[in-house]
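Asks: Have a peek at run.csv (CSV, C-alpha atoms and all ligand atoms).
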```csv
chain,number,residue,atom,x,y,z
H,1,MET,CA,71.8,55.5,24.2
H,2,ILE,CA,72.5,58.3,21.8
H,3,GLN,CA,69.1,59.8,22.7
H,4,ARG,CA,70.0,59.7,26.4
H,5,ILE,CA,73.3,61.4,25.8
H,6,LEU,CA,71.7,64.1,23.7
H,7,SER,CA,69.1,64.8,26.4
H,8,VAL,CA,71.8,65.1,29.1
H,9,GLN,CA,73.9,67.3,26.8
H,10,LYS,CA,71.0,69.7,26.6
H,11,MET,CA,70.7,69.7,30.4
H,12,TYR,CA,74.5,70.3,30.9
H,13,PRO,CA,76.0,71.7,27.7
H,14,GLY,CA,79.2,72.7,29.4
H,15,VAL,CA,79.9,69.3,30.9
H,16,VAL,CA,78.6,66.9,28.4
H,17,THR,CA,80.7,67.9,25.4
H,18,PRO,CA,82.0,65.4,22.8
H,19,PHE,CA,85.6,66.0,24.1
H,20,ASN,CA,84.6,65.3,27.8
H,21,ILE,CA,82.5,62.3,26.9
H,22,GLY,CA,85.2,60.9,24.6
H,23,MET,CA,88.0,61.3,27.2
H,24,HIS,CA,85.8,59.9,30.0
H,25,THR,CA,84.8,56.9,27.9
H,26,ALA,CA,88.3,56.1,26.8
H,27,LYS,CA,89.6,56.1,30.4
H,28,MET,CA,86.5,54.2,31.6
H,29,LEU,CA,87.0,51.4,29.0
H,30,TYR,CA,90.7,51.2,29.9
H,31,HIS,CA,89.9,50.5,33.6
H,32,MET,CA,87.0,48.1,32.6
H,33,MET,CA,89.5,46.2,30.6
H,34,LEU,CA,91.9,46.0,33.5
H,35,LYS,CA,89.0,45.0,35.8
H,36,ASP,CA,90.5,47.1,38.6
H,37,GLY,CA,87.2,48.8,39.6
H,38,VAL,CA,88.8,52.3,39.2
H,39,ALA,CA,86.8,55.0,37.4
H,40,PRO,CA,87.9,58.4,36.0
H,41,GLU,CA,86.7,61.5,37.9
H,42,PRO,CA,82.8,61.6,37.8
H,43,LEU,CA,81.1,63.8,35.3
H,44,ASN,CA,78.0,64.0,37.4
H,45,ILE,CA,77.2,64.3,41.1
H,46,ASP,CA,73.7,63.6,42.3
H,47,LEU,CA,72.9,65.3,45.6
H,48,LYS,CA,69.9,64.3,47.6
H,49,VAL,CA,69.7,67.4,49.8
H,50,THR,CA,66.8,66.3,52.0
H,51,LYS,CA,64.8,63.1,52.9
H,52,ARG,CA,61.7,65.2,53.6
H,53,CYS,CA,58.8,65.3,51.2
H,54,ASN,CA,55.4,66.9,51.4
H,55,ALA,CA,53.9,64.4,48.9
H,56,HIS,CA,53.2,60.7,48.9
H,57,CYS,CA,53.5,59.2,45.4
H,58,GLU,CA,52.8,55.5,45.8
H,59,PHE,CA,55.5,54.5,43.4
H,60,CYS,CA,58.3,56.6,45.0
H,61,PHE,CA,61.7,54.9,45.2
H,62,ALA,CA,63.4,57.7,47.2
H,63,ASP,CA,64.0,56.8,50.8
H,64,ILE,CA,61.9,59.6,52.3
H,65,GLY,CA,61.4,60.6,56.0
H,66,SER,CA,63.4,62.8,58.3
H,67,GLY,CA,67.1,63.0,59.2
H,68,GLU,CA,70.2,65.1,59.3
H,69,GLU,CA,70.8,67.6,56.4
H,70,LEU,CA,74.1,69.2,55.4
H,71,PRO,CA,74.5,72.9,55.5
H,72,VAL,CA,75.1,74.9,52.3
H,73,GLU,CA,78.9,75.2,53.2
H,74,ALA,CA,79.3,71.5,52.9
H,75,TYR,CA,78.1,71.6,49.3
H,76,SER,CA,80.2,74.7,48.6
H,77,SER,CA,83.3,72.8,49.8
H,78,LEU,CA,82.4,69.7,47.8
H,79,ALA,CA,82.0,71.8,44.7
H,80,LYS,CA,85.2,73.7,45.3
H,81,ALA,CA,87.2,70.4,45.5
H,82,PHE,CA,86.5,69.8,41.8
H,83,LYS,CA,88.6,71.9,39.4
H,84,LYS,CA,86.9,70.7,36.2
H,85,LYS,CA,83.3,71.7,35.5
H,86,LYS,CA,80.8,69.0,36.8
H,87,ALA,CA,77.1,68.5,36.4
H,88,PHE,CA,75.4,68.6,39.8
H,89,PHE,CA,71.9,67.3,40.1
H,90,ILE,CA,69.8,68.3,43.1
H,91,THR,CA,67.1,65.8,44.2
H,92,GLY,CA,65.3,64.6,47.4
H,93,GLY,CA,62.8,64.1,49.0
H,94,GLU,CA,61.5,67.4,47.8
H,95,PRO,CA,64.5,69.8,47.5
H,96,PHE,CA,62.3,72.9,47.8
H,97,LEU,CA,61.4,72.1,51.4
H,98,ARG,CA,64.9,73.4,52.2
H,99,ALA,CA,64.6,77.1,53.1
H,100,ASP,CA,68.1,77.6,51.8
H,101,ILE,CA,67.7,75.8,48.4
H,102,TYR,CA,68.4,78.9,46.3
H,103,GLU,CA,71.6,79.6,48.3
H,104,LEU,CA,72.6,76.0,47.7
H,105,PHE,CA,72.2,76.3,44.0
H,106,LYS,CA,74.2,79.5,44.0
H,107,ALA,CA,77.0,78.0,46.1
H,108,ILE,CA,77.6,75.3,43.5
H,109,LYS,CA,77.2,77.7,40.6
H,110,ASP,CA,79.7,80.0,42.2
H,111,GLU,CA,82.3,77.3,42.0
H,112,GLY,CA,81.8,77.2,38.2
H,113,HIS,CA,79.7,74.0,37.9
H,114,GLU,CA,76.4,73.4,36.1
H,115,VAL,CA,73.3,72.7,38.2
H,116,GLY,CA,70.1,70.9,37.6
H,117,ALA,CA,67.2,70.1,40.0
H,118,VAL,CA,64.0,68.1,40.1
H,119,THR,CA,60.9,69.0,41.9
H,120,ASN,CA,57.2,68.3,42.4
H,121,SER,CA,56.7,72.1,42.0
H,122,SER,CA,54.3,72.4,44.9
H,123,LEU,CA,56.5,74.7,47.1
H,124,ILE,CA,57.9,77.1,44.5
H,125,LYS,CA,56.4,80.5,45.3
H,126,LYS,CA,55.4,82.8,42.5
H,127,GLU,CA,57.9,85.5,43.6
H,128,ASP,CA,60.7,82.9,43.4
H,129,TYR,CA,60.1,81.8,39.8
H,130,VAL,CA,62.7,84.3,38.7
H,131,LYS,CA,65.3,82.7,41.0
H,132,LEU,CA,65.0,79.4,39.0
H,133,LYS,CA,66.9,81.2,36.2
H,134,ILE,CA,70.1,80.3,38.0
H,135,LEU,CA,69.6,76.6,37.1
H,136,ASP,CA,71.0,75.0,33.9
H,137,SER,CA,68.2,72.5,33.9
H,138,LEU,CA,64.9,72.1,35.7
H,139,VAL,CA,63.0,68.8,35.8
H,140,LEU,CA,59.3,69.1,36.7
H,141,SER,CA,57.6,65.9,37.7
H,142,VAL,CA,54.1,65.8,36.2
H,143,HIS,CA,52.4,62.5,36.5
H,144,GLY,CA,49.1,63.1,34.7
H,145,THR,CA,46.5,65.7,33.8
H,146,LYS,CA,45.5,67.9,36.7
H,147,GLU,CA,43.2,65.6,38.6
H,148,VAL,CA,45.3,62.5,38.2
H,149,HIS,CA,48.6,64.3,39.1
H,150,ASP,CA,47.2,66.2,42.2
H,151,ALA,CA,45.5,63.0,43.5
H,152,LEU,CA,48.6,60.9,43.0
H,153,LEU,CA,50.9,63.3,44.9
H,154,GLY,CA,48.3,64.2,47.5
H,155,VAL,CA,49.3,67.9,47.1
H,156,ARG,CA,48.1,70.4,44.5
H,157,SER,CA,50.9,71.2,42.2
H,158,PHE,CA,49.8,70.7,38.6
H,159,ASP,CA,48.8,74.3,38.0
H,160,ARG,CA,52.0,75.5,39.6
H,161,ALA,CA,54.1,73.3,37.3
H,162,MET,CA,52.3,74.7,34.2
H,163,GLN,CA,52.8,78.3,35.5
H,164,ILE,CA,56.5,77.7,36.0
H,165,LEU,CA,56.9,76.2,32.6
H,166,HIS,CA,55.0,79.1,31.0
H,167,TYR,CA,57.0,81.7,32.9
H,168,LEU,CA,60.5,80.2,32.4
H,169,SER,CA,59.9,79.2,28.7
H,170,ARG,CA,59.7,83.0,27.9
H,171,MET,CA,62.9,84.0,29.6
H,172,LYS,CA,66.4,84.3,28.2
H,173,PRO,CA,68.7,82.8,29.3
H,174,ARG,CA,66.8,80.1,31.1
H,175,PRO,CA,67.2,76.5,32.3
H,176,TYR,CA,66.5,73.6,30.0
H,177,LEU,CA,62.9,72.6,30.9
H,178,LEU,CA,62.1,68.9,31.1
H,179,VAL,CA,58.9,67.4,32.2
H,180,ASN,CA,59.2,63.9,33.7
H,181,SER,CA,56.1,61.8,33.7
H,182,VAL,CA,56.1,58.4,35.4
H,183,VAL,CA,53.7,56.0,33.7
H,184,ASN,CA,50.8,55.2,36.0
H,185,ASP,CA,47.2,54.0,35.8
H,186,GLY,CA,45.9,57.6,35.2
H,187,THR,CA,48.1,58.5,32.3
H,188,ARG,CA,49.0,55.2,30.6
H,189,ASP,CA,46.6,55.9,27.7
H,190,LYS,CA,46.5,59.8,27.9
H,191,LEU,CA,50.1,60.7,27.3
H,192,GLY,CA,49.3,62.6,24.1
H,193,LEU,CA,47.0,64.9,26.1
H,194,LEU,CA,49.5,65.5,28.8
H,195,LYS,CA,52.3,66.2,26.3
H,196,GLN,CA,50.1,68.9,24.8
H,197,GLU,CA,49.4,70.5,28.2
H,198,CYS,CA,53.2,70.5,28.8
H,199,ARG,CA,54.0,72.1,25.4
H,200,ASP,CA,56.1,74.9,27.1
H,201,ALA,CA,58.7,72.3,28.1
H,202,ASP,CA,61.8,71.6,25.9
H,203,GLU,CA,61.4,67.9,26.5
H,204,PHE,CA,58.5,65.7,27.6
H,205,ARG,CA,59.9,62.5,29.1
H,206,VAL,CA,57.8,59.4,29.7
H,207,SER,CA,59.5,57.4,32.5
H,208,ASN,CA,58.9,53.7,32.8
H,209,ILE,CA,58.0,53.0,36.4
H,210,SER,CA,61.0,51.5,38.2
H,211,PHE,CA,60.0,48.6,40.5
H,212,LEU,CA,60.9,45.2,41.9
H,213,LEU,CA,58.5,42.4,42.7
H,214,LYS,CA,58.6,40.7,46.1
H,215,GLU,CA,60.2,37.6,44.6
H,216,GLU,CA,62.9,39.8,43.0
H,217,LEU,CA,63.6,41.5,46.3
H,218,LYS,CA,64.0,38.2,48.0
H,219,ASN,CA,66.5,37.1,45.3
H,220,HIS,CA,68.3,40.4,45.6
H,221,LYS,CA,68.7,40.0,49.4
H,222,SER,CA,70.2,36.6,49.2
H,223,GLU,CA,72.4,37.3,46.2
H,224,SER,CA,73.8,40.5,47.6
H,225,ARG,CA,74.6,38.7,50.9
H,226,ARG,CA,76.4,35.9,49.0
H,227,ARG,CA,78.4,38.2,46.8
H,228,PHE,CA,79.1,41.1,49.2
H,229,GLY,CA,79.0,39.4,52.6
H,230,GLU,CA,76.1,41.8,53.6
H,231,GLU,CA,72.7,42.8,52.3
H,232,ILE,CA,72.8,45.7,49.9
H,233,VAL,CA,69.7,47.5,51.0
H,234,THR,CA,67.5,48.6,48.0
H,235,THR,CA,65.1,51.6,48.3
H,236,GLN,CA,63.4,50.5,45.0
H,237,TYR,CA,59.6,50.6,44.9
H,238,ILE,CA,58.2,47.2,45.6
H,239,ALA,CA,55.2,46.8,43.5
H,240,PRO,CA,52.3,44.6,44.7
H,241,ASP,CA,52.0,43.3,41.1
H,242,VAL,CA,53.3,43.9,37.6
H,243,PRO,CA,52.1,47.4,36.5
H,244,LYS,CA,50.5,47.6,33.1
H,245,LYS,CA,52.6,48.8,30.2
H,246,PRO,CA,52.2,52.3,28.6
H,247,GLU,CA,50.1,52.7,25.5
H,248,HIS,CA,50.7,55.1,22.6
H,249,ILE,CA,53.9,56.6,23.9
H,250,GLU,CA,54.2,60.3,23.2
H,251,GLY,CA,57.5,61.8,24.2
H,252,GLU,CA,60.9,60.5,24.9
H,253,LEU,CA,60.7,57.1,26.6
H,254,TYR,CA,63.1,56.7,29.5
H,255,PRO,CA,64.9,54.4,29.6
H,256,ASP,CA,64.5,54.1,25.8
H,257,LEU,CA,63.4,50.5,25.7
H,258,THR,CA,62.8,48.5,22.5
H,259,GLU,CA,59.4,47.0,21.9
H,260,SER,CA,60.5,43.6,23.3
H,261,GLU,CA,62.2,45.2,26.3
H,262,ILE,CA,58.9,47.1,27.1
H,263,VAL,CA,57.1,43.8,27.2
H,264,SER,CA,59.8,42.3,29.4
H,265,TRP,CA,60.0,45.3,31.7
H,266,TYR,CA,56.2,45.0,32.4
H,267,SER,CA,56.4,41.3,33.2
H,268,HIS,CA,57.6,39.1,36.1
H,269,LYS,CA,61.2,39.2,34.9
H,270,PHE,CA,63.0,41.9,33.0
H,271,ILE,CA,65.6,40.4,30.8
H,272,THR,CA,68.2,42.8,29.4
H,273,LYS,CA,71.7,42.9,28.0
H,274,ARG,CA,72.0,46.5,29.2
H,275,ARG,CA,74.9,47.6,31.4
H,276,CYS,CA,75.4,50.0,34.3
H,277,LEU,CA,77.7,52.8,33.3
H,278,TYR,CA,76.2,55.1,36.0
H,279,ILE,CA,78.7,53.9,38.7
H,280,HIS,CA,81.6,54.7,36.4
H,281,SER,CA,80.6,58.3,35.7
H,282,SER,CA,78.2,59.4,38.4
H,283,VAL,CA,77.8,59.2,42.2
H,284,PHE,CA,75.1,59.8,44.7
H,285,VAL,CA,75.5,61.8,47.9
H,286,ALA,CA,72.7,61.4,50.5
H,287,GLU,CA,71.3,64.1,52.7
H,288,ASN,CA,73.6,63.2,55.6
H,289,GLY,CA,76.8,63.1,53.5
H,290,ASP,CA,76.9,59.4,53.0
H,291,VAL,CA,78.1,58.5,49.5
H,292,HIS,CA,76.2,55.6,47.8
H,293,PRO,CA,77.0,54.0,44.5
H,294,CYS,CA,73.6,55.1,43.2
H,295,GLN,CA,70.1,56.3,44.3
H,296,TYR,CA,68.7,52.8,44.6
H,297,TYR,CA,71.2,51.3,47.0
H,298,LYS,CA,71.8,52.3,50.7
H,299,TYR,CA,75.3,51.1,50.7
H,300,PRO,CA,77.6,53.8,52.1
H,301,VAL,CA,81.1,53.7,50.7
H,302,GLY,CA,82.1,56.8,52.7
H,303,ASN,CA,80.9,60.2,54.0
H,304,ILE,CA,81.9,63.6,52.6
H,305,LYS,CA,82.0,65.0,56.2
H,306,SER,CA,85.1,62.9,57.0
H,307,GLN,CA,86.7,62.1,53.6
H,308,PRO,CA,87.0,64.0,50.3
H,309,LEU,CA,84.6,62.7,47.6
H,310,LYS,CA,87.5,62.2,45.2
H,311,GLU,CA,89.0,59.7,47.6
H,312,ILE,CA,85.7,57.9,48.3
H,313,TRP,CA,85.1,57.6,44.5
H,314,ASN,CA,87.9,55.1,44.1
H,315,SER,CA,87.9,53.6,47.6
H,316,PRO,CA,88.4,49.8,47.9
H,317,LYS,CA,84.6,49.4,48.7
H,318,MET,CA,83.5,51.4,45.7
H,319,ARG,CA,86.0,49.6,43.5
H,320,LYS,CA,84.7,46.2,44.6
H,321,PHE,CA,81.2,47.4,43.9
H,322,ARG,CA,82.1,48.4,40.4
H,323,ARG,CA,83.9,45.2,39.7
H,324,GLU,CA,81.0,43.1,40.9
H,325,ILE,CA,78.3,45.0,39.1
H,326,SER,CA,80.4,45.1,35.9
H,327,ALA,CA,80.7,41.3,36.0
H,328,LYS,CA,77.0,40.8,36.8
H,329,LEU,CA,74.1,43.1,37.8
H,330,LEU,CA,72.3,42.4,41.1
H,331,PRO,CA,68.7,41.4,41.0
H,332,GLY,CA,68.0,44.8,42.5
H,333,CYS,CA,69.4,46.5,39.4
H,334,SER,CA,66.5,45.1,37.4
H,335,ARG,CA,64.4,47.9,35.8
H,336,CYS,CA,66.8,50.6,36.9
H,337,CYS,CA,66.4,53.7,34.9
H,338,LYS,CA,70.2,54.1,34.6
H,339,LEU,CA,70.7,50.9,32.6
H,340,LEU,CA,72.2,51.7,29.2
X,1,LIG,C1,62.5,60.8,43.9
X,1,LIG,S1,61.9,62.2,43.1
X,1,LIG,C2,62.6,63.5,44.0
X,1,LIG,C3,62.3,64.9,43.6
X,1,LIG,C4,60.9,65.4,43.8
X,1,LIG,N1,60.3,65.0,45.0
X,1,LIG,C5,60.0,65.0,42.6
X,1,LIG,O1,59.2,64.1,42.8
X,1,LIG,O2,60.2,65.6,41.5
X,1,LIG,C6,62.8,62.3,41.6
X,1,LIG,C7,62.1,61.7,40.4
X,1,LIG,O3,62.0,60.3,40.5
X,1,LIG,C8,60.7,59.9,40.0
X,1,LIG,N2,60.3,58.6,40.6
X,1,LIG,C9,60.1,58.3,41.8
X,1,LIG,N3,59.7,57.0,42.0
X,1,LIG,C10,59.8,56.5,40.7
X,1,LIG,C11,59.7,55.2,40.2
X,1,LIG,N4,59.3,54.1,41.0
X,1,LIG,N5,59.9,55.0,38.9
X,1,LIG,C12,60.3,56.0,38.1
X,1,LIG,N6,60.4,57.3,38.5
X,1,LIG,C13,60.2,57.5,39.8
X,1,LIG,C14,59.8,61.1,40.4
X,1,LIG,O4,58.6,61.1,39.7
X,1,LIG,C15,60.7,62.3,40.2
X,1,LIG,O5,60.5,62.7,38.8
X,2,LIG,S1,57.2,64.0,45.3
X,2,LIG,FE1,59.1,63.0,44.7
X,2,LIG,S2,60.1,62.3,46.7
X,2,LIG,FE2,58.0,63.0,47.1
X,2,LIG,S3,56.9,61.1,47.1
X,2,LIG,FE3,56.7,61.9,45.1
X,2,LIG,S4,58.4,61.1,43.9
X,2,LIG,FE4,58.8,60.7,46.1
X,3,LIG,S1,72.2,49.3,37.5
X,3,LIG,FE1,72.3,48.8,39.7
X,3,LIG,S2,74.2,49.7,40.4
X,3,LIG,FE2,73.7,50.7,38.4
X,3,LIG,S3,72.6,52.6,39.0
X,3,LIG,FE3,71.1,50.9,38.6
X,3,LIG,S4,70.7,50.0,40.6
X,3,LIG,FE4,72.6,51.2,40.8
```
Re-express the file's structure as structure tokens.
Ligand SMILES: C[S@@+](CC[C@H](N)C(=O)[O-])C[C@H]1O[C@@H](n2cnc3c(N)ncnc32)[C@H](O)[C@@H]1O
Ligand code: SF4
Ligand code: SF4

Replies:
Amino acid sequence: MIQRILSVQKMYPGVVTPFNIGMHTAKMLYHMMLKDGVAPEPLNIDLKVTKRCNAHCEFCFADIGSGEELPVEAYSSLAKAFKKKKAFFITGGEPFLRADIYELFKAIKDEGHEVGAVTNSSLIKKEDYVKLKILDSLVLSVHGTKEVHDALLGVRSFDRAMQILHYLSRMKPRPYLLVNSVVNDGTRDKLGLLKQECRDADEFRVSNISFLLKEELKNHKSESRRRFGEEIVTTQYIAPDVPKKPEHIEGELYPDLTESEIVSWYSHKFITKRRCLYIHSSVFVAENGDVHPCQYYKYPVGNIKSQPLKEIWNSPKMRKFRREISAKLLPGCSRCCKLL
């Protein structure tokens, strides 16, 4: 948990300060004790700015496709509504498919917030590398050495990711550079080699693959219907079988599982005492403005086109969701990377 906080602190040094974390935690614990489902203003806002993607990673949990996208002005208004500095994180789909992505970053920065983004790197043009300097953190997804990565995504982007790392690592000031590598068949035993190739990054993160098995999905559907009166649709990756666990982990494992948790994660049932704090400190806004408790659930609790996010954040539906998840996780929460 400490390791996770330190990493986020490097990504958003102005938001994740000991004072902010201390104040937020105290207020959060107070409401958890009251069991009222209320949470203090979020520290982090995740923005999925497009559903579109030019790649097709087989393990992808993002709900990708096509659909409405919000204009930059919508993000500008959203950012303006928060007086205190927040950590905005831009994701997708592939965010750089948006022609106005750099204006979007600027609109949020102009309101005084910190901004991070994650990308598969394939669409960032050489002449635009310099524009990435506006970000406070940049996460590059690199899922293997060149052949493995490019084959997995179905687009060539390994070389570009290395070029971006090399270019930005020599700049000052510059974003915190994090490589995120999801464990897969091609890298499981070659993480040391990959880490070496990504040496220009500030952090090399080895992400455990998030997944559900068919049986877990079935349980999730029935349990969510029973507890919420409707199915809470999960976008989680449904694996055909249990993936093999990583070997010789080099880098920061995410989530930072213990030895026994690793064995359990890569088995038919992940048993954990971990809790979800994400829904008490962060929120997920989808490309059409729908607000969801997190990236894994399509469970709209409001829409920023018709209601301020601050209001949606503690709406009756969101409060019920927090109360339920705090009492007991749903089967769909199993192997969620946000569990602490
Ligand atoms: C959903 S993608 C969106 C941004 C961009 N398209 C990319 O791939 O970087 C955000 C991050 O989630 C990771 N991811 C996707 N599916 C995953 C899974 N099943 N388990 C763990 N990480 C996953 C991706 O590798 C990427 O680093
Ligand atoms: S590039 Fe990102 S959004 Fe696209 S398929 Fe891969 S993980 Fe999913
Ligand atoms: S633990 Fe569950 S509710 Fe919390 S972020 Fe993960 S999937 Fe969402």

Asks: If we draw a sphere of 12 Å around (77.1, 56.3, 45.5), which residues have at least one atom in it when counting only C-alpha atoms? Please report them as a PDB file with C-alpha atoms, in the coordinates of the input.

Replies:
```
ATOM      1  CA  PRO H  42      82.800  61.600  37.800  1.00  0.00           C
ATOM      2  CA  ASN H  44      78.000  64.000  37.400  1.00  0.00           C
ATOM      3  CA  ILE H  45      77.200  64.300  41.100  1.00  0.00           C
ATOM      4  CA  ASP H  46      73.700  63.600  42.300  1.00  0.00           C
ATOM      5  CA  LEU H  47      72.900  65.300  45.600  1.00  0.00           C
ATOM      6  CA  LYS H  48      69.900  64.300  47.600  1.00  0.00           C
ATOM      7  CA  TYR H 278      76.200  55.100  36.000  1.00  0.00           C
ATOM      8  CA  ILE H 279      78.700  53.900  38.700  1.00  0.00           C
ATOM      9  CA  HIS H 280      81.600  54.700  36.400  1.00  0.00           C
ATOM     10  CA  SER H 281      80.600  58.300  35.700  1.00  0.00           C
ATOM     11  CA  SER H 282      78.200  59.400  38.400  1.00  0.00           C
ATOM     12  CA  VAL H 283      77.800  59.200  42.200  1.00  0.00           C
ATOM     13  CA  PHE H 284      75.100  59.800  44.700  1.00  0.00           C
ATOM     14  CA  VAL H 285      75.500  61.800  47.900  1.00  0.00           C
ATOM     15  CA  ALA H 286      72.700  61.400  50.500  1.00  0.00           C
ATOM     16  CA  GLY H 289      76.800  63.100  53.500  1.00  0.00           C
ATOM     17  CA  ASP H 290      76.900  59.400  53.000  1.00  0.00           C
ATOM     18  CA  VAL H 291      78.100  58.500  49.500  1.00  0.00           C
ATOM     19  CA  HIS H 292      76.200  55.600  47.800  1.00  0.00           C
ATOM     20  CA  PRO H 293      77.000  54.000  44.500  1.00  0.00           C
ATOM     21  CA  CYS H 294      73.600  55.100  43.200  1.00  0.00           C
ATOM     22  CA  GLN H 295      70.100  56.300  44.300  1.00  0.00           C
ATOM     23  CA  TYR H 296      68.700  52.800  44.600  1.00  0.00           C
ATOM     24  CA  TYR H 297      71.200  51.300  47.000  1.00  0.00           C
ATOM     25  CA  LYS H 298      71.800  52.300  50.700  1.00  0.00           C
ATOM     26  CA  TYR H 299      75.300  51.100  50.700  1.00  0.00           C
ATOM     27  CA  PRO H 300      77.600  53.800  52.100  1.00  0.00           C
ATOM     28  CA  VAL H 301      81.100  53.700  50.700  1.00  0.00           C
ATOM     29  CA  GLY H 302      82.100  56.800  52.700  1.00  0.00           C
ATOM     30  CA  ASN H 303      80.900  60.200  54.000  1.00  0.00           C
ATOM     31  CA  ILE H 304      81.900  63.600  52.600  1.00  0.00           C
ATOM     32  CA  LEU H 309      84.600  62.700  47.600  1.00  0.00           C
ATOM     33  CA  LYS H 310      87.500  62.200  45.200  1.00  0.00           C
ATOM     34  CA  ILE H 312      85.700  57.900  48.300  1.00  0.00           C
ATOM     35  CA  TRP H 313      85.100  57.600  44.500  1.00  0.00           C
ATOM     36  CA  ASN H 314      87.900  55.100  44.100  1.00  0.00           C
ATOM     37  CA  SER H 315      87.900  53.600  47.600  1.00  0.00           C
ATOM     38  CA  LYS H 317      84.600  49.400  48.700  1.00  0.00           C
ATOM     39  CA  MET H 318      83.500  51.400  45.700  1.00  0.00           C
ATOM     40  CA  ARG H 319      86.000  49.600  43.500  1.00  0.00           C
ATOM     41  CA  PHE H 321      81.200  47.400  43.900  1.00  0.00           C
ATOM     42  CA  ARG H 322      82.100  48.400  40.400  1.00  0.00           C
TER      43      ARG H 322
END
```

Asks: Which of these residues is nearest to ligand LIG 2 (chain X), using only C-alpha atoms and all ligand atoms: H:Tyr12, H:Tyr30, H:Phe61, H:Tyr167?

Replies: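 Closest candidate: H:Phe61.
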
Asks: Taking a cut-off of 10 Å and counting all atoms listed in the file, can you build a table that, for each residue of chain H near ligand LIG 2 (chain X), reports the nearest atom pair and how far apart they are in Å (one decimal), sorted by chain then residue number, as JSON lines?

Replies:
```
{"residue": "H:Thr50", "atom": "CA", "partner": "X:LIG2", "partner_atom": "S2", "distance": 9.4}
{"residue": "H:Lys51", "atom": "CA", "partner": "X:LIG2", "partner_atom": "S2", "distance": 7.8}
{"residue": "H:Arg52", "atom": "CA", "partner": "X:LIG2", "partner_atom": "S2", "distance": 7.7}
{"residue": "H:Cys53", "atom": "CA", "partner": "X:LIG2", "partner_atom": "FE2", "distance": 4.8}
{"residue": "H:Asn54", "atom": "CA", "partner": "X:LIG2", "partner_atom": "FE2", "distance": 6.4}
{"residue": "H:Ala55", "atom": "CA", "partner": "X:LIG2", "partner_atom": "FE2", "distance": 4.7}
{"residue": "H:His56", "atom": "CA", "partner": "X:LIG2", "partner_atom": "S3", "distance": 4.1}
{"residue": "H:Cys57", "atom": "CA", "partner": "X:LIG2", "partner_atom": "FE3", "distance": 4.2}
{"residue": "H:Glu58", "atom": "CA", "partner": "X:LIG2", "partner_atom": "S3", "distance": 7.1}
{"residue": "H:Phe59", "atom": "CA", "partner": "X:LIG2", "partner_atom": "S4", "distance": 7.2}
{"residue": "H:Cys60", "atom": "CA", "partner": "X:LIG2", "partner_atom": "FE4", "distance": 4.3}
{"residue": "H:Phe61", "atom": "CA", "partner": "X:LIG2", "partner_atom": "FE4", "distance": 6.5}
{"residue": "H:Ala62", "atom": "CA", "partner": "X:LIG2", "partner_atom": "FE4", "distance": 5.6}
{"residue": "H:Asp63", "atom": "CA", "partner": "X:LIG2", "partner_atom": "S2", "distance": 7.9}
{"residue": "H:Ile64", "atom": "CA", "partner": "X:LIG2", "partner_atom": "S2", "distance": 6.5}
{"residue": "H:Gly65", "atom": "CA", "partner": "X:LIG2", "partner_atom": "S2", "distance": 9.5}
{"residue": "H:Thr91", "atom": "CA", "partner": "X:LIG2", "partner_atom": "S2", "distance": 8.2}
{"residue": "H:Gly92", "atom": "CA", "partner": "X:LIG2", "partner_atom": "S2", "distance": 5.7}
{"residue": "H:Gly93", "atom": "CA", "partner": "X:LIG2", "partner_atom": "S2", "distance": 4.0}
{"residue": "H:Glu94", "atom": "CA", "partner": "X:LIG2", "partner_atom": "S2", "distance": 5.4}
{"residue": "H:Pro95", "atom": "CA", "partner": "X:LIG2", "partner_atom": "S2", "distance": 8.7}
{"residue": "H:Val118", "atom": "CA", "partner": "X:LIG2", "partner_atom": "FE1", "distance": 8.4}
{"residue": "H:Thr119", "atom": "CA", "partner": "X:LIG2", "partner_atom": "FE1", "distance": 6.9}
{"residue": "H:Asn120", "atom": "CA", "partner": "X:LIG2", "partner_atom": "S1", "distance": 5.2}
{"residue": "H:Ser121", "atom": "CA", "partner": "X:LIG2", "partner_atom": "S1", "distance": 8.8}
{"residue": "H:Ser122", "atom": "CA", "partner": "X:LIG2", "partner_atom": "S1", "distance": 8.9}
{"residue": "H:Ser141", "atom": "CA", "partner": "X:LIG2", "partner_atom": "FE1", "distance": 7.7}
{"residue": "H:Val142", "atom": "CA", "partner": "X:LIG2", "partner_atom": "S1", "distance": 9.8}
{"residue": "H:His143", "atom": "CA", "partner": "X:LIG2", "partner_atom": "S4", "distance": 9.6}
{"residue": "H:Leu152", "atom": "CA", "partner": "X:LIG2", "partner_atom": "FE3", "distance": 8.4}
{"residue": "H:Leu153", "atom": "CA", "partner": "X:LIG2", "partner_atom": "FE3", "distance": 6.0}
{"residue": "H:Gly154", "atom": "CA", "partner": "X:LIG2", "partner_atom": "FE3", "distance": 9.0}
{"residue": "H:Val155", "atom": "CA", "partner": "X:LIG2", "partner_atom": "S1", "distance": 9.0}
{"residue": "H:Val182", "atom": "CA", "partner": "X:LIG2", "partner_atom": "S4", "distance": 9.2}
```

Asks: Smallest atom-to-atom distance to H:Lys244: which of H:Leu217, H:Ile262, H:Leu140, H:Ala201, using only C-alpha atoms?

Replies: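 Between H:Leu217, H:Ile262, H:Leu140, H:Ala201, the residue approaching H:Lys244 most closely is H:Ile262.
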
Asks: Which one of H:Trp265, H:Tyr254, H:Phe270, H:Phe211 sits closest to ligand LIG 1 (chain X) if you count all atoms listed in the file?

Replies: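 Closest to ligand LIG 1 (chain X) of all the choices is H:Phe211.
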
Asks: Name the residues in contact with H:Asp100 at a cut-off of 12 Å, using all atoms listed in the file, excluding same-chain residues fewer than 4 positions from it; report them as a list in words.

Replies: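 That gives Val49, Thr50, Glu69, Leu70, Pro71, Val72, Glu73, Tyr75, Pro95, Phe96, Leu104, Phe105, Lys106 and Ala107 of chain H.
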